[in-house]
Number of protein chains: 2
Amino acid sequence: MIDTPVLRETKSNRYHLILGDSIEYLSKLEPNSIDMVFADPPYMLSNDGFTCHSGKAVSVNKGQWDRSSGLEEDFEFHKQWISAVRRVLKPEGTLWVSGTYHSIYACGFALQLLQFHILNDIAWYKPNASPNLSRRYFTASHETLIWARKDKGARHTFNYDAMRNGDFPKDIIKAPGKQMRSVWSISTPRKWEKRYGKHPTQKPEALIERVIMSSTKEGDYVLDPFMGSGTTGVVAVRMGRYFIGVEKEKDYFDLALRRIKDEEARIQTSLF
Amino acid sequence: MIDTPVLRETKSNRYHLILGDSIEYLSKLEPNSIDMVFADPPYMLSNDGFTCHSGKAVSVNKGQWDRSSGLEEDFEFHKQWISAVRRVLKPEGTLWVSGTYHSIYACGFALQLLQFHILNDIAWYKPNASPNLSRRYFTASHETLIWARKDKGARHTFNYDAMRNGDFPKDIIKAPGKQMRSVWSISTPRKWEKRYGKHPTQKPEALIERVIMSSTKEGDYVLDPFMGSGTTGVVAVRMGRYFIGVEKEKDYFDLALRRIKDEEARIQTSLF
DNA sequence: TATAAAGGTGAATCCGCAC
DNA sequence: AGTGCGGATTCACCTTTAT
């Protein structure tokens, strides 16, 4: 794999998609230019005897020291991408980070070390989570999202009324006309639309909608440094935000591009 | 304040309460002797221009570097007490850590660095949380609990059936006869029993009951290094576990002692 | 045709058993 | 004592059948 920062780009009035490395690309972006970043970072590095160097996984020694050093490698990676994000965020801009316990503690701690100010942590409860088959743990049924702003002093966007008075009929936690709480009940998409084939870690559109609705305005610049299959882009474009997405794996990039283009077409059609 | 490790101790058949410093005390305990630790660590060090050195708070410079250095002090503290806990845990023993986003990322990351193996993270949802008055954030309505075991290889205790089939009538998440999930809906105690006066960060007994019920057996040794007002001890004694509690502030120690003694008396009475 | 009940499937470990 | 295979486990959701 060639180590070029940007292998391919596709632009439109509504989005800018980049096939390449996030940190590389972010370092070339205009500083203080992004309103909101949504990031679902990878966390494979330290887990099962594999470590990930510039995009390719290599097997490593599984000794005790290694698990720790893997964790520290993860941590270095998280500090790097969060720093890169910090540079391009507007002072009043905010960052969302999502993850399970495998990665969220390293991310949250890195965030705090790098002077981000946590506004909320959100527990995304999945009512349709898979059962636990081993019977040796509780059934893992949620993920964590951290919402933080760049500067403690700046005034961030929070659409209080939309959150309080919006319609969230399937959420068993949210009461109509009451404040949105830090626990969100949103089902995972069970079968992925056949049009685009299956993708393992797909986030539900309702989740991303809530994130974008709560913390951005129309016309804002939304960036996803680990775009994956592009759900953030699909929803951002649908909601009238400008989307910048970076993805280093070509298959995911192609899938995201197709989905976001389709969404754009749907919008054009519906304007008539 | 004198830096004696143990200022006062009170023992019985059911508990052992220590007024003094946790890390000091733990360093003298028998290694590999404790079945479960429940810890709700303090996190004041780095927060609002105060740092806490050996028990007393001193004002510090609020510069940018300082917030970071305060965080790192917190982190050092968490690594120290978690290491001390690690030493006294049995190989199959487990550790619970509770906290909000102020401290839980540093704790979780420290836990992982110190070779603990996370079994679950639990989102404790508080249906009766206070509303958000600023209208600039989501309403903070949950805390996080991390459950981890000392060794990945060892077989920890998990009372699957008690969790699956027990009665949790007030929990809007838990379905009868279905597995216990990683989100628990438990109200906070609204008014604290008058007998003991008010305490700010009181945890509900139902929460501690669920923790102890799920991860310990009768007769197990349960330790709380930051005992506070002693709820862990009250519930542990009630459930027939042997409780070891450490608290460095005399007022809290006295309160905990009174509550746990009262619980013990209640048990003796009910045996007739 | 709509709604309800019944039956089948898949996912991710852990465990015992045979060697 | 390691290794490897196969069965057991639970629950949401889909499909099929029944009312």
# chains A, B, ... in the order shown; residues from 1 in each chain; ligands from 1
>>> residues_around(residues="region 1-5 of chain D", least_positions_apart="2", cutoff="12 Å", atoms="only C-alpha atoms (C1' of nucleotides)", output="list in words")
DC15, DG16, DC17, DA18 and DC19 of chain C; DG7 of chain D
>>> write_last_selection(atoms="C-alpha atoms (C1' of nucleotides)", output="PDB file, in the first residue's frame")
ATOM      1  C1'  DC C  15     -17.201 -25.800  28.184  1.00  0.00           C
ATOM      2  C1'  DG C  16     -16.383 -30.668  28.141  1.00  0.00           C
ATOM      3  C1'  DC C  17     -14.569 -34.360  25.854  1.00  0.00           C
ATOM      4  C1'  DA C  18     -11.453 -37.020  23.135  1.00  0.00           C
ATOM      5  C1'  DC C  19      -6.803 -37.458  21.895  1.00  0.00           C
TER       6       DC C  19
ATOM      7  C1'  DG D   7     -22.472 -28.973  21.659  1.00  0.00           C
TER       8       DG D   7
END
>>> select_by_dssp(residues="region 99-165 of chain A", states="helix (DSSP H, G or I)", output="list in words")
Ile104, Tyr105, Ala106, Cys107, Gly108, Phe109, Ala110, Leu111, Gln112, Leu113, Tyr160, Asp161, Ala162, Met163, Arg164 and Asn165 of chain A
>>> closest_atom_pairs(of="chain B", to="chain A", cutoff="6 Å", atoms="only C-alpha atoms", output="tab-separated table")
residue	atom	partner	partner_atom	distance
B:Ser68	CA	A:Leu113	CA	5.6
B:Tyr105	CA	A:Tyr105	CA	4.4
B:Ala106	CA	A:Phe109	CA	5.5
B:Gly108	CA	A:Tyr105	CA	5.4
B:Phe109	CA	A:Tyr105	CA	5.1
B:Leu113	CA	A:Ser68	CA	5.7
B:Arg136	CA	A:Phe158	CA	5.7
B:Phe138	CA	A:Arg181	CA	5.2
B:Thr139	CA	A:Arg181	CA	4.4
B:Ala140	CA	A:Ser182	CA	5.3
B:Ser141	CA	A:Ser182	CA	5.5
B:Phe158	CA	A:Arg136	CA	5.8
B:Met180	CA	A:Phe138	CA	5.7
B:Arg181	CA	A:Thr139	CA	4.4
B:Ser182	CA	A:Ala140	CA	5.3
>>> residues_around(residues="Lys217 (chain B)", least_positions_apart="5", cutoff="12 Å", atoms="only C-alpha atoms (C1' of nucleotides)", output="list in words")
Asp35, Met36, Gly93, His156, Thr157, Phe158, Asn159, Ala162, Val211, Ile212, Val222, Ala236, Met239, Gly240, Arg241 and Tyr242 of chain B
>>> closest_atom_pairs(of="chain D", to="chain A", cutoff="9 Å", atoms="only C-alpha atoms (C1' of nucleotides)", output="CSV")
residue,atom,partner,partner_atom,distance
D:DA8,C1',A:Leu133,CA,9.0
D:DT9,C1',A:Leu133,CA,5.1
D:DT10,C1',A:Pro131,CA,5.4
D:DC11,C1',A:Pro131,CA,5.6
D:DA12,C1',A:Asn128,CA,6.3
D:DC13,C1',A:Arg190,CA,8.3
>>> write_last_selection(atoms="N, CA and C atoms (P, O5', C5', C4', C3', O3' and C1' of nucleotides)", output="mmCIF file, in the first residue's frame")
data_model
loop_
_atom_site.group_PDB
_atom_site.id
_atom_site.type_symbol
_atom_site.label_atom_id
_atom_site.label_comp_id
_atom_site.auth_asym_id
_atom_site.auth_seq_id
_atom_site.Cartn_x
_atom_site.Cartn_y
_atom_site.Cartn_z
ATOM 1 P P DA D 8 -26.226 -30.409 22.934
ATOM 2 O "O5'" DA D 8 -26.099 -29.126 23.848
ATOM 3 C "C5'" DA D 8 -25.225 -29.148 24.965
ATOM 4 C "C4'" DA D 8 -25.227 -27.778 25.616
ATOM 5 C "C3'" DA D 8 -26.590 -27.091 25.589
ATOM 6 O "O3'" DA D 8 -26.892 -26.610 26.881
ATOM 7 C "C1'" DA D 8 -24.928 -25.698 24.590
ATOM 8 P P DT D 9 -28.353 -26.178 27.279
ATOM 9 O "O5'" DT D 9 -28.229 -24.600 27.182
ATOM 10 C "C5'" DT D 9 -27.223 -23.928 27.925
ATOM 11 C "C4'" DT D 9 -27.022 -22.544 27.380
ATOM 12 C "C3'" DT D 9 -28.323 -21.816 27.014
ATOM 13 O "O3'" DT D 9 -28.606 -20.870 28.042
ATOM 14 C "C1'" DT D 9 -26.554 -21.429 25.439
ATOM 15 P P DT D 10 -30.157 -20.551 28.355
ATOM 16 O "O5'" DT D 10 -30.350 -19.188 27.580
ATOM 17 C "C5'" DT D 10 -29.555 -18.066 27.926
ATOM 18 C "C4'" DT D 10 -29.857 -16.952 26.961
ATOM 19 C "C3'" DT D 10 -31.341 -16.608 26.841
ATOM 20 O "O3'" DT D 10 -31.478 -15.234 27.115
ATOM 21 C "C1'" DT D 10 -30.362 -16.945 24.700
ATOM 22 P P DC D 11 -32.873 -14.620 27.507
ATOM 23 O "O5'" DC D 11 -33.196 -13.831 26.173
ATOM 24 C "C5'" DC D 11 -32.260 -12.870 25.692
ATOM 25 C "C4'" DC D 11 -32.537 -12.592 24.243
ATOM 26 C "C3'" DC D 11 -34.000 -12.269 23.936
ATOM 27 O "O3'" DC D 11 -34.010 -11.113 23.133
ATOM 28 C "C1'" DC D 11 -33.198 -13.907 22.466
ATOM 29 P P DA D 12 -35.200 -10.075 23.289
ATOM 30 O "O5'" DA D 12 -35.133 -9.393 21.856
ATOM 31 C "C5'" DA D 12 -33.905 -8.862 21.410
ATOM 32 C "C4'" DA D 12 -33.769 -9.047 19.911
ATOM 33 C "C3'" DA D 12 -34.958 -8.530 19.096
ATOM 34 O "O3'" DA D 12 -34.465 -7.866 17.950
ATOM 35 C "C1'" DA D 12 -34.588 -10.828 18.624
ATOM 36 P P DC D 13 -35.451 -6.984 17.084
ATOM 37 O "O5'" DC D 13 -35.679 -7.834 15.766
ATOM 38 C "C5'" DC D 13 -34.543 -8.329 15.045
ATOM 39 C "C4'" DC D 13 -34.984 -9.431 14.117
ATOM 40 C "C3'" DC D 13 -36.291 -9.133 13.359
ATOM 41 O "O3'" DC D 13 -36.108 -9.471 12.005
ATOM 42 C "C1'" DC D 13 -36.396 -11.241 14.328
#
>>> atom_distance(atom1="CA of Leu223 (chain A)", atom2="CA of Ala39 (chain A)")
8.3 Å
>>> atom_distance(atom1="CA of Ile34 (chain A)", atom2="CA of Gln202 (chain A)")
24.2 Å
>>> interface_residues(of="chain C", to="chain A", cutoff="8 Å", atoms="only C-alpha atoms (C1' of nucleotides)", output="mmCIF file with N, CA and C atoms (P, O5', C5', C4', C3', O3' and C1' of nucleotides), in the first residue's frame")
data_model
loop_
_atom_site.group_PDB
_atom_site.id
_atom_site.type_symbol
_atom_site.label_atom_id
_atom_site.label_comp_id
_atom_site.auth_asym_id
_atom_site.auth_seq_id
_atom_site.Cartn_x
_atom_site.Cartn_y
_atom_site.Cartn_z
ATOM 1 P P DA C 11 -24.638 -15.132 11.507
ATOM 2 O "O5'" DA C 11 -24.090 -14.540 12.890
ATOM 3 C "C5'" DA C 11 -24.588 -13.292 13.366
ATOM 4 C "C4'" DA C 11 -24.301 -13.198 14.840
ATOM 5 C "C3'" DA C 11 -22.888 -13.675 15.195
ATOM 6 O "O3'" DA C 11 -22.115 -12.577 15.642
ATOM 7 C "C1'" DA C 11 -24.568 -14.676 16.617
ATOM 8 P P DA C 12 -20.588 -12.773 15.808
ATOM 9 O "O5'" DA C 12 -20.430 -13.288 17.307
ATOM 10 C "C5'" DA C 12 -20.781 -12.441 18.385
ATOM 11 C "C4'" DA C 12 -20.363 -13.113 19.676
ATOM 12 C "C3'" DA C 12 -18.899 -13.515 19.727
ATOM 13 O "O3'" DA C 12 -18.421 -13.265 21.042
ATOM 14 C "C1'" DA C 12 -20.253 -15.423 20.042
ATOM 15 P P DT C 13 -16.935 -12.938 21.326
ATOM 16 O "O5'" DT C 13 -16.159 -14.351 21.336
ATOM 17 C "C5'" DT C 13 -15.671 -14.890 22.545
ATOM 18 C "C4'" DT C 13 -16.774 -15.592 23.330
ATOM 19 C "C3'" DT C 13 -16.216 -16.616 24.294
ATOM 20 O "O3'" DT C 13 -16.264 -16.041 25.587
ATOM 21 C "C1'" DT C 13 -18.216 -17.381 23.183
ATOM 22 P P DC C 14 -15.133 -16.509 26.616
ATOM 23 O "O5'" DC C 14 -15.732 -17.848 27.264
ATOM 24 C "C5'" DC C 14 -17.019 -17.799 27.882
ATOM 25 C "C4'" DC C 14 -17.524 -19.215 28.115
ATOM 26 C "C3'" DC C 14 -16.516 -20.128 28.796
ATOM 27 O "O3'" DC C 14 -17.141 -20.738 29.916
ATOM 28 C "C1'" DC C 14 -17.402 -21.161 26.851
#
>>> atom_distance(atom1="CA of Leu29 (chain B)", atom2="CA of His16 (chain B)")
12.1 Å
